[in-house]
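The structure file protein-v9.txt is reproduced below (compact mmCIF, N, CA and C atoms).
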```
# COMPACT_ATOMS: atom_id res chain seq x y z
N MET A 1 -6.50 17.70 -4.48
CA MET A 1 -5.12 17.48 -4.12
C MET A 1 -4.24 18.44 -4.90
N LYS A 2 -3.35 19.10 -4.19
CA LYS A 2 -2.41 20.01 -4.84
C LYS A 2 -1.07 19.31 -5.01
N PRO A 3 -0.52 19.37 -6.21
CA PRO A 3 0.78 18.74 -6.42
C PRO A 3 1.90 19.58 -5.83
N GLY A 4 2.92 18.90 -5.32
CA GLY A 4 4.14 19.56 -4.86
C GLY A 4 5.14 19.60 -6.00
N GLN A 5 6.34 19.95 -5.65
CA GLN A 5 7.42 19.97 -6.64
C GLN A 5 7.95 18.56 -6.86
N PRO A 6 8.16 18.16 -8.11
CA PRO A 6 8.73 16.83 -8.37
C PRO A 6 10.12 16.72 -7.76
N ILE A 7 10.40 15.56 -7.15
CA ILE A 7 11.72 15.31 -6.59
C ILE A 7 12.24 13.98 -7.12
N LYS A 8 13.55 13.83 -7.12
CA LYS A 8 14.18 12.62 -7.66
C LYS A 8 14.32 11.51 -6.62
N ASP A 9 14.39 11.87 -5.33
CA ASP A 9 14.54 10.89 -4.26
C ASP A 9 13.57 11.24 -3.14
N ALA A 10 12.57 10.39 -2.94
CA ALA A 10 11.54 10.66 -1.93
C ALA A 10 11.76 9.88 -0.64
N SER A 11 12.89 9.20 -0.50
CA SER A 11 13.11 8.33 0.65
C SER A 11 13.04 9.07 1.99
N HIS A 12 13.32 10.36 2.00
CA HIS A 12 13.25 11.14 3.24
C HIS A 12 11.82 11.55 3.61
N LEU A 13 10.85 11.34 2.72
CA LEU A 13 9.48 11.79 2.95
C LEU A 13 8.64 10.80 3.76
N TYR A 14 9.05 9.54 3.81
CA TYR A 14 8.26 8.54 4.54
C TYR A 14 9.18 7.41 5.01
N GLU A 15 8.83 6.84 6.16
CA GLU A 15 9.63 5.76 6.74
C GLU A 15 9.13 4.40 6.28
N VAL A 16 10.05 3.48 6.09
CA VAL A 16 9.74 2.09 5.76
C VAL A 16 10.64 1.20 6.61
N GLU A 17 10.26 -0.07 6.75
CA GLU A 17 11.12 -1.01 7.49
C GLU A 17 12.39 -1.31 6.70
N ARG A 18 12.24 -1.42 5.38
CA ARG A 18 13.38 -1.74 4.53
C ARG A 18 13.13 -1.22 3.13
N ARG A 19 14.22 -0.81 2.48
CA ARG A 19 14.16 -0.29 1.11
C ARG A 19 15.39 -0.81 0.38
N ALA A 20 15.19 -1.41 -0.80
CA ALA A 20 16.32 -1.94 -1.56
C ALA A 20 16.09 -1.71 -3.05
N GLN A 21 17.19 -1.50 -3.78
CA GLN A 21 17.14 -1.39 -5.24
C GLN A 21 17.62 -2.71 -5.82
N HIS A 22 16.86 -3.26 -6.76
CA HIS A 22 17.26 -4.51 -7.41
C HIS A 22 17.76 -4.29 -8.83
N ALA A 23 17.35 -3.23 -9.44
CA ALA A 23 17.81 -2.91 -10.80
C ALA A 23 17.59 -1.43 -11.03
N VAL A 24 18.60 -0.78 -11.56
CA VAL A 24 18.48 0.62 -11.93
C VAL A 24 19.15 0.78 -13.29
N ARG A 25 18.34 1.12 -14.25
CA ARG A 25 18.82 1.34 -15.60
C ARG A 25 18.26 2.67 -16.08
N PRO A 26 18.84 3.28 -17.08
CA PRO A 26 18.23 4.51 -17.60
C PRO A 26 16.77 4.25 -18.01
N GLY A 27 15.86 4.96 -17.39
CA GLY A 27 14.45 4.86 -17.74
C GLY A 27 13.69 3.73 -17.08
N PHE A 28 14.35 2.95 -16.18
CA PHE A 28 13.67 1.82 -15.54
C PHE A 28 14.37 1.46 -14.24
N ARG A 29 13.57 1.10 -13.22
CA ARG A 29 14.16 0.61 -11.97
C ARG A 29 13.19 -0.32 -11.26
N ILE A 30 13.76 -1.20 -10.44
CA ILE A 30 12.96 -2.09 -9.61
C ILE A 30 13.36 -1.83 -8.16
N MET A 31 12.37 -1.43 -7.36
CA MET A 31 12.59 -1.16 -5.94
C MET A 31 11.83 -2.20 -5.12
N GLU A 32 12.36 -2.52 -3.96
CA GLU A 32 11.66 -3.38 -3.00
C GLU A 32 11.44 -2.58 -1.73
N LEU A 33 10.21 -2.58 -1.25
CA LEU A 33 9.88 -1.88 -0.01
C LEU A 33 9.22 -2.85 0.96
N GLN A 34 9.49 -2.63 2.24
CA GLN A 34 8.83 -3.39 3.29
C GLN A 34 8.21 -2.39 4.25
N LEU A 35 6.89 -2.50 4.44
CA LEU A 35 6.14 -1.59 5.31
C LEU A 35 5.63 -2.33 6.54
N SER A 36 5.73 -1.70 7.69
CA SER A 36 5.11 -2.25 8.90
C SER A 36 3.60 -2.04 8.79
N PRO A 37 2.81 -2.64 9.69
CA PRO A 37 1.35 -2.46 9.63
C PRO A 37 0.90 -1.00 9.75
N THR A 38 1.74 -0.11 10.27
CA THR A 38 1.33 1.29 10.46
C THR A 38 1.96 2.25 9.44
N GLN A 39 2.81 1.75 8.57
CA GLN A 39 3.49 2.62 7.61
C GLN A 39 2.73 2.70 6.29
N LYS A 40 3.02 3.77 5.54
CA LYS A 40 2.40 3.95 4.23
C LYS A 40 3.33 4.76 3.34
N VAL A 41 3.07 4.67 2.04
CA VAL A 41 3.71 5.55 1.07
C VAL A 41 2.66 6.62 0.78
N PRO A 42 2.94 7.89 1.12
CA PRO A 42 1.91 8.93 1.05
C PRO A 42 1.42 9.22 -0.37
N TRP A 43 0.31 9.97 -0.44
CA TRP A 43 -0.27 10.36 -1.73
C TRP A 43 0.80 11.01 -2.60
N HIS A 44 0.88 10.52 -3.83
CA HIS A 44 1.85 11.07 -4.78
C HIS A 44 1.45 10.64 -6.19
N THR A 45 2.20 11.15 -7.13
CA THR A 45 2.05 10.76 -8.53
C THR A 45 3.44 10.80 -9.17
N HIS A 46 3.53 10.37 -10.40
CA HIS A 46 4.77 10.42 -11.16
C HIS A 46 4.47 11.08 -12.50
N SER A 47 5.35 11.95 -12.94
CA SER A 47 5.10 12.70 -14.19
C SER A 47 5.14 11.82 -15.43
N ASN A 48 6.10 10.88 -15.48
CA ASN A 48 6.35 10.15 -16.73
C ASN A 48 6.27 8.64 -16.63
N ILE A 49 6.41 8.08 -15.44
CA ILE A 49 6.52 6.63 -15.32
C ILE A 49 5.27 6.00 -14.72
N SER A 50 5.11 4.73 -15.01
CA SER A 50 4.06 3.96 -14.34
C SER A 50 4.71 3.20 -13.18
N ASP A 51 3.91 2.90 -12.15
CA ASP A 51 4.30 2.04 -11.04
C ASP A 51 3.58 0.72 -11.23
N THR A 52 4.32 -0.37 -11.27
CA THR A 52 3.71 -1.69 -11.31
C THR A 52 4.08 -2.38 -10.00
N PHE A 53 3.06 -2.66 -9.18
CA PHE A 53 3.24 -3.25 -7.86
C PHE A 53 3.11 -4.76 -7.94
N TYR A 54 4.02 -5.48 -7.28
CA TYR A 54 3.98 -6.93 -7.19
C TYR A 54 4.21 -7.29 -5.72
N VAL A 55 3.21 -7.90 -5.08
CA VAL A 55 3.29 -8.21 -3.66
C VAL A 55 4.03 -9.54 -3.45
N LEU A 56 5.04 -9.49 -2.58
CA LEU A 56 5.81 -10.68 -2.22
C LEU A 56 5.27 -11.34 -0.94
N GLU A 57 5.01 -10.52 0.10
CA GLU A 57 4.49 -11.01 1.38
C GLU A 57 3.55 -9.98 1.96
N GLY A 58 2.51 -10.45 2.65
CA GLY A 58 1.57 -9.55 3.31
C GLY A 58 0.43 -9.17 2.39
N ARG A 59 -0.26 -8.11 2.80
CA ARG A 59 -1.42 -7.63 2.03
C ARG A 59 -1.30 -6.12 1.84
N MET A 60 -1.55 -5.67 0.61
CA MET A 60 -1.47 -4.25 0.26
C MET A 60 -2.85 -3.71 -0.01
N ARG A 61 -3.07 -2.47 0.42
CA ARG A 61 -4.26 -1.73 0.00
C ARG A 61 -3.74 -0.48 -0.70
N LEU A 62 -4.19 -0.34 -1.94
CA LEU A 62 -3.78 0.76 -2.81
C LEU A 62 -4.99 1.65 -3.03
N PHE A 63 -4.85 2.93 -2.70
CA PHE A 63 -5.90 3.91 -2.93
C PHE A 63 -5.49 4.77 -4.12
N LEU A 64 -6.46 5.00 -5.03
CA LEU A 64 -6.18 5.76 -6.25
C LEU A 64 -7.24 6.82 -6.46
N GLN A 65 -6.87 7.86 -7.20
CA GLN A 65 -7.79 8.91 -7.62
C GLN A 65 -7.75 9.02 -9.14
N GLU A 66 -8.76 9.69 -9.68
CA GLU A 66 -8.83 10.01 -11.13
C GLU A 66 -8.83 8.77 -12.01
N PRO A 67 -9.78 7.84 -11.88
CA PRO A 67 -10.93 7.86 -10.98
C PRO A 67 -10.60 7.24 -9.62
N LYS A 68 -11.48 7.53 -8.66
CA LYS A 68 -11.33 7.00 -7.31
C LYS A 68 -11.48 5.48 -7.36
N GLU A 69 -10.54 4.77 -6.71
CA GLU A 69 -10.55 3.31 -6.73
C GLU A 69 -9.76 2.81 -5.53
N GLU A 70 -10.12 1.64 -5.04
CA GLU A 70 -9.37 0.98 -3.98
C GLU A 70 -9.07 -0.44 -4.44
N VAL A 71 -7.81 -0.84 -4.33
CA VAL A 71 -7.37 -2.16 -4.80
C VAL A 71 -6.68 -2.88 -3.65
N SER A 72 -7.04 -4.14 -3.42
CA SER A 72 -6.37 -4.98 -2.43
C SER A 72 -5.57 -6.05 -3.17
N LEU A 73 -4.31 -6.24 -2.74
CA LEU A 73 -3.44 -7.20 -3.38
C LEU A 73 -2.85 -8.17 -2.35
N LYS A 74 -2.75 -9.44 -2.75
CA LYS A 74 -2.15 -10.49 -1.95
C LYS A 74 -0.86 -10.94 -2.65
N PRO A 75 -0.06 -11.77 -1.99
CA PRO A 75 1.17 -12.24 -2.62
C PRO A 75 0.93 -12.85 -4.00
N GLY A 76 1.77 -12.45 -4.95
CA GLY A 76 1.66 -12.92 -6.32
C GLY A 76 0.78 -12.08 -7.20
N GLU A 77 0.06 -11.11 -6.62
CA GLU A 77 -0.82 -10.26 -7.43
C GLU A 77 -0.11 -8.99 -7.86
N VAL A 78 -0.54 -8.46 -9.00
CA VAL A 78 0.10 -7.32 -9.63
C VAL A 78 -0.95 -6.26 -9.97
N TYR A 79 -0.54 -4.99 -9.87
CA TYR A 79 -1.41 -3.89 -10.31
C TYR A 79 -0.53 -2.77 -10.83
N ALA A 80 -0.90 -2.18 -11.96
CA ALA A 80 -0.13 -1.08 -12.57
C ALA A 80 -0.90 0.23 -12.44
N VAL A 81 -0.18 1.28 -12.08
CA VAL A 81 -0.73 2.64 -11.97
C VAL A 81 -0.09 3.48 -13.06
N ARG A 82 -0.91 4.06 -13.91
CA ARG A 82 -0.41 4.85 -15.04
C ARG A 82 0.25 6.15 -14.55
N PRO A 83 1.11 6.75 -15.37
CA PRO A 83 1.71 8.03 -15.01
C PRO A 83 0.63 9.08 -14.72
N THR A 84 0.91 9.95 -13.81
CA THR A 84 0.08 11.09 -13.36
C THR A 84 -1.13 10.69 -12.52
N ARG A 85 -1.40 9.40 -12.30
CA ARG A 85 -2.56 9.00 -11.49
C ARG A 85 -2.17 9.02 -10.00
N PRO A 86 -2.85 9.83 -9.18
CA PRO A 86 -2.54 9.90 -7.76
C PRO A 86 -2.79 8.56 -7.07
N HIS A 87 -1.85 8.17 -6.18
CA HIS A 87 -2.00 6.92 -5.45
C HIS A 87 -1.32 6.98 -4.08
N LEU A 88 -1.82 6.13 -3.17
CA LEU A 88 -1.35 5.98 -1.80
C LEU A 88 -1.24 4.49 -1.54
N VAL A 89 -0.15 4.05 -0.92
CA VAL A 89 0.08 2.63 -0.65
C VAL A 89 0.04 2.42 0.86
N THR A 90 -0.78 1.45 1.32
CA THR A 90 -0.83 1.12 2.74
C THR A 90 -0.69 -0.38 2.94
N ASN A 91 -0.30 -0.75 4.15
CA ASN A 91 -0.25 -2.14 4.56
C ASN A 91 -1.64 -2.50 5.07
N ALA A 92 -2.26 -3.51 4.47
CA ALA A 92 -3.63 -3.89 4.84
C ALA A 92 -3.66 -5.03 5.84
N GLY A 93 -2.50 -5.43 6.36
CA GLY A 93 -2.46 -6.57 7.26
C GLY A 93 -1.90 -6.22 8.63
N THR A 94 -1.63 -7.26 9.41
CA THR A 94 -1.10 -7.10 10.76
C THR A 94 0.37 -7.50 10.84
N THR A 95 0.95 -7.92 9.71
CA THR A 95 2.37 -8.23 9.63
C THR A 95 2.99 -7.35 8.55
N SER A 96 4.29 -7.44 8.38
CA SER A 96 4.97 -6.62 7.37
C SER A 96 4.47 -6.93 5.96
N LEU A 97 4.45 -5.91 5.14
CA LEU A 97 4.12 -6.00 3.72
C LEU A 97 5.41 -5.80 2.95
N THR A 98 5.74 -6.74 2.06
CA THR A 98 6.92 -6.61 1.21
C THR A 98 6.47 -6.68 -0.24
N PHE A 99 6.92 -5.70 -1.04
CA PHE A 99 6.49 -5.65 -2.43
C PHE A 99 7.58 -5.05 -3.31
N LEU A 100 7.50 -5.40 -4.59
CA LEU A 100 8.36 -4.82 -5.61
C LEU A 100 7.58 -3.73 -6.34
N ILE A 101 8.29 -2.70 -6.78
CA ILE A 101 7.71 -1.67 -7.64
C ILE A 101 8.59 -1.60 -8.89
N LEU A 102 8.01 -1.92 -10.03
CA LEU A 102 8.70 -1.76 -11.31
C LEU A 102 8.31 -0.37 -11.81
N GLN A 103 9.30 0.49 -12.02
CA GLN A 103 9.04 1.88 -12.37
C GLN A 103 9.68 2.22 -13.71
N GLY A 104 8.85 2.62 -14.66
CA GLY A 104 9.35 2.98 -15.98
C GLY A 104 8.19 2.98 -16.95
N VAL A 105 8.43 3.21 -18.14
CA VAL A 105 9.69 3.55 -18.76
C VAL A 105 9.74 5.06 -18.86
N GLY A 106 10.84 5.65 -18.43
CA GLY A 106 11.00 7.09 -18.46
C GLY A 106 11.76 7.55 -17.23
N GLU A 107 11.95 8.85 -17.12
CA GLU A 107 12.69 9.43 -16.01
C GLU A 107 11.83 9.41 -14.74
N TYR A 108 12.39 8.89 -13.64
CA TYR A 108 11.68 8.80 -12.37
C TYR A 108 11.58 10.16 -11.69
N ASP A 109 10.41 10.43 -11.14
CA ASP A 109 10.25 11.52 -10.18
C ASP A 109 9.10 11.12 -9.24
N PHE A 110 9.01 11.82 -8.12
CA PHE A 110 7.98 11.60 -7.10
C PHE A 110 7.38 12.97 -6.84
N VAL A 111 6.07 13.08 -7.10
CA VAL A 111 5.39 14.37 -6.91
C VAL A 111 4.44 14.22 -5.72
N PRO A 112 4.85 14.73 -4.53
CA PRO A 112 3.97 14.62 -3.36
C PRO A 112 2.69 15.43 -3.56
N LEU A 113 1.59 14.92 -3.01
CA LEU A 113 0.30 15.57 -3.15
C LEU A 113 -0.22 15.99 -1.77
N ALA A 114 -0.72 17.20 -1.69
CA ALA A 114 -1.30 17.71 -0.44
C ALA A 114 -2.82 17.63 -0.53
N GLY A 115 -3.47 17.71 0.63
CA GLY A 115 -4.92 17.79 0.63
C GLY A 115 -5.61 16.48 0.92
N LYS A 116 -4.87 15.45 1.27
CA LYS A 116 -5.48 14.16 1.62
C LYS A 116 -5.23 13.85 3.05
```

Could you rewrite the structure in this file as structure tokens?
Amino acid sequence: MKPGQPIKDASHLYEVERRAQHAVRPGFRIMELQLSPTQKVPWHTHSNISDTFYVLEGRMRLFLQEPKEEVSLKPGEVYAVRPTRPHLVTNAGTTSLTFLILQGVGEYDFVPLAGK
């Protein structure tokens, strides 16, 4: 996977059913995303922050590299991805997936990855 240029706002790179911010503070933010059964958050990484996923509704399948891993999450389950670890988020169900992402501590960026 080849890294792209880090960007501060990746909302134009992929479509979601709904996107909301619940908290934005220097070095930390909480985002809520809702994905349809066919939507995904493409392969990417973050330079400085970890992503902590918390599923509210639906089922998530998280694909990771370095090392290669696949994680399935149901409502109430949590998984943290360390900074610089490539990951892809997909909806593993037939209904909408709604989840929170706690992002921090540090400056947010989104580094798109090619080659997947």

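Nearest to Thr38 (chain A) of all the residues A:Thr84, A:Thr98, A:Gln103, A:Asn91 is A:Asn91, based on all atoms listed in the file.
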
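Residues in contact with Pro42 (chain A) at up to 9 Å, not including ones fewer than 2 positions away on its chain and judged by only C-alpha atoms, are Leu13, Tyr14, Lys40, His44, His87, Leu88, Val89, Thr90, Pro112 and Leu113 of chain A.
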
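Protein and nucleic acid residues near (8.9, -10.3, 3.7) are Gln34, Leu56, Glu57, Gly58, Ser96, Leu97, Thr98 and Phe99 of chain A, the criterion being any atom at most 9 Å away using only C-alpha atoms.
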
With N, CA and C atoms retained, could you export that selection as a short mmCIF file (atom, residue, chain, number, x, y, z; two decimals), in the coordinates of the input?
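Generated output (part11.cif):
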```cif
data_model
loop_
_atom_site.label_atom_id
_atom_site.label_comp_id
_atom_site.auth_asym_id
_atom_site.auth_seq_id
_atom_site.Cartn_x
_atom_site.Cartn_y
_atom_site.Cartn_z
N GLN A 34 9.49 -2.63 2.24
CA GLN A 34 8.83 -3.39 3.29
C GLN A 34 8.21 -2.39 4.25
N LEU A 56 5.04 -9.49 -2.58
CA LEU A 56 5.81 -10.68 -2.22
C LEU A 56 5.27 -11.34 -0.94
N GLU A 57 5.01 -10.52 0.10
CA GLU A 57 4.49 -11.01 1.38
C GLU A 57 3.55 -9.98 1.96
N GLY A 58 2.51 -10.45 2.65
CA GLY A 58 1.57 -9.55 3.31
C GLY A 58 0.43 -9.17 2.39
N SER A 96 4.29 -7.44 8.38
CA SER A 96 4.97 -6.62 7.37
C SER A 96 4.47 -6.93 5.96
N LEU A 97 4.45 -5.91 5.14
CA LEU A 97 4.12 -6.00 3.72
C LEU A 97 5.41 -5.80 2.95
N THR A 98 5.74 -6.74 2.06
CA THR A 98 6.92 -6.61 1.21
C THR A 98 6.47 -6.68 -0.24
N PHE A 99 6.92 -5.70 -1.04
CA PHE A 99 6.49 -5.65 -2.43
C PHE A 99 7.58 -5.05 -3.31
#
```

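The protein and nucleic acid residues lying at most 10 Å from Ala10 (chain A) are Pro6, Ile7, Lys8, His12, Leu13, Tyr14, Val41, Asp109, Phe110, Val111 and Pro112 of chain A, with only C-alpha atoms considered and sequence neighbours fewer than 2 positions away removed.
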
- Task: Find the residue from A:Gly93, A:Ala114, A:Leu102, A:Gly76 that sits nearest to Phe28 (chain A); use all atoms listed in the file when measuring.
- Result: A:Leu102

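Rounded to one decimal, CA of Leu62 (chain A) and CA of Glu17 (chain A) lie 18.2 Å from each other.
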
- Nearest to Gly4 (chain A): which of A:Gln21, A:Val16, A:Thr45, A:Gly104 is it, counting all atoms listed in the file? A:Thr45

- Message: To one decimal place in Å, what is the distance between CA of Ala23 (chain A) and atom C of Glu70 (chain A)?
- Response: 27.7 Å

Fill-in result for region 85-96 of chain A, all heavy atoms as a compact mmCIF listing (two decimals), keeping the file's coordinate frame:
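This went into part.txt:
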```txt
# COMPACT_ATOMS: atom_id res chain seq x y z
N ARG A 85 -1.40 9.40 -12.30
CA ARG A 85 -2.56 9.00 -11.49
C ARG A 85 -2.17 9.02 -10.00
O ARG A 85 -1.26 8.30 -9.58
CB ARG A 85 -3.04 7.61 -11.88
CG ARG A 85 -4.35 7.27 -11.16
CD ARG A 85 -4.98 6.02 -11.67
NE ARG A 85 -6.28 5.83 -11.04
CZ ARG A 85 -6.96 4.70 -11.04
NH1 ARG A 85 -6.47 3.64 -11.67
NH2 ARG A 85 -8.12 4.62 -10.44
N PRO A 86 -2.85 9.83 -9.18
CA PRO A 86 -2.54 9.90 -7.76
C PRO A 86 -2.79 8.56 -7.07
O PRO A 86 -3.81 7.91 -7.31
CB PRO A 86 -3.51 10.96 -7.23
CG PRO A 86 -3.87 11.78 -8.44
CD PRO A 86 -3.88 10.81 -9.57
N HIS A 87 -1.85 8.17 -6.18
CA HIS A 87 -2.00 6.92 -5.45
C HIS A 87 -1.32 6.98 -4.08
O HIS A 87 -0.41 7.76 -3.85
CB HIS A 87 -1.52 5.72 -6.26
CG HIS A 87 -0.12 5.82 -6.78
ND1 HIS A 87 0.24 6.65 -7.81
CD2 HIS A 87 1.02 5.17 -6.41
CE1 HIS A 87 1.53 6.51 -8.06
NE2 HIS A 87 2.03 5.62 -7.22
N LEU A 88 -1.82 6.13 -3.17
CA LEU A 88 -1.35 5.98 -1.80
C LEU A 88 -1.24 4.49 -1.54
O LEU A 88 -2.15 3.73 -1.88
CB LEU A 88 -2.37 6.61 -0.85
CG LEU A 88 -2.27 6.29 0.63
CD1 LEU A 88 -1.20 7.15 1.29
CD2 LEU A 88 -3.59 6.53 1.33
N VAL A 89 -0.15 4.05 -0.92
CA VAL A 89 0.08 2.63 -0.65
C VAL A 89 0.04 2.42 0.86
O VAL A 89 0.75 3.11 1.60
CB VAL A 89 1.45 2.17 -1.19
CG1 VAL A 89 1.65 0.69 -0.91
CG2 VAL A 89 1.57 2.47 -2.67
N THR A 90 -0.78 1.45 1.32
CA THR A 90 -0.83 1.12 2.74
C THR A 90 -0.69 -0.38 2.94
O THR A 90 -0.95 -1.18 2.03
CB THR A 90 -2.16 1.58 3.39
OG1 THR A 90 -3.24 0.85 2.79
CG2 THR A 90 -2.40 3.06 3.22
N ASN A 91 -0.30 -0.75 4.15
CA ASN A 91 -0.25 -2.14 4.56
C ASN A 91 -1.64 -2.50 5.07
O ASN A 91 -2.15 -1.88 5.99
CB ASN A 91 0.80 -2.30 5.67
CG ASN A 91 0.97 -3.73 6.12
OD1 ASN A 91 0.08 -4.56 5.98
ND2 ASN A 91 2.13 -4.03 6.67
N ALA A 92 -2.26 -3.51 4.47
CA ALA A 92 -3.63 -3.89 4.84
C ALA A 92 -3.66 -5.03 5.84
O ALA A 92 -4.72 -5.55 6.16
CB ALA A 92 -4.41 -4.29 3.58
N GLY A 93 -2.50 -5.43 6.36
CA GLY A 93 -2.46 -6.57 7.26
C GLY A 93 -1.90 -6.22 8.63
O GLY A 93 -1.70 -5.05 8.96
N THR A 94 -1.63 -7.26 9.41
CA THR A 94 -1.10 -7.10 10.76
C THR A 94 0.37 -7.50 10.84
O THR A 94 0.97 -7.44 11.90
CB THR A 94 -1.91 -7.96 11.76
OG1 THR A 94 -1.86 -9.32 11.33
CG2 THR A 94 -3.35 -7.48 11.83
N THR A 95 0.95 -7.92 9.71
CA THR A 95 2.37 -8.23 9.63
C THR A 95 2.99 -7.35 8.55
O THR A 95 2.28 -6.62 7.86
CB THR A 95 2.58 -9.73 9.27
OG1 THR A 95 1.98 -9.98 8.00
CG2 THR A 95 1.97 -10.64 10.32
N SER A 96 4.29 -7.44 8.38
CA SER A 96 4.97 -6.62 7.37
C SER A 96 4.47 -6.93 5.96
O SER A 96 4.11 -8.07 5.66
CB SER A 96 6.48 -6.87 7.41
OG SER A 96 7.03 -6.36 8.61
```
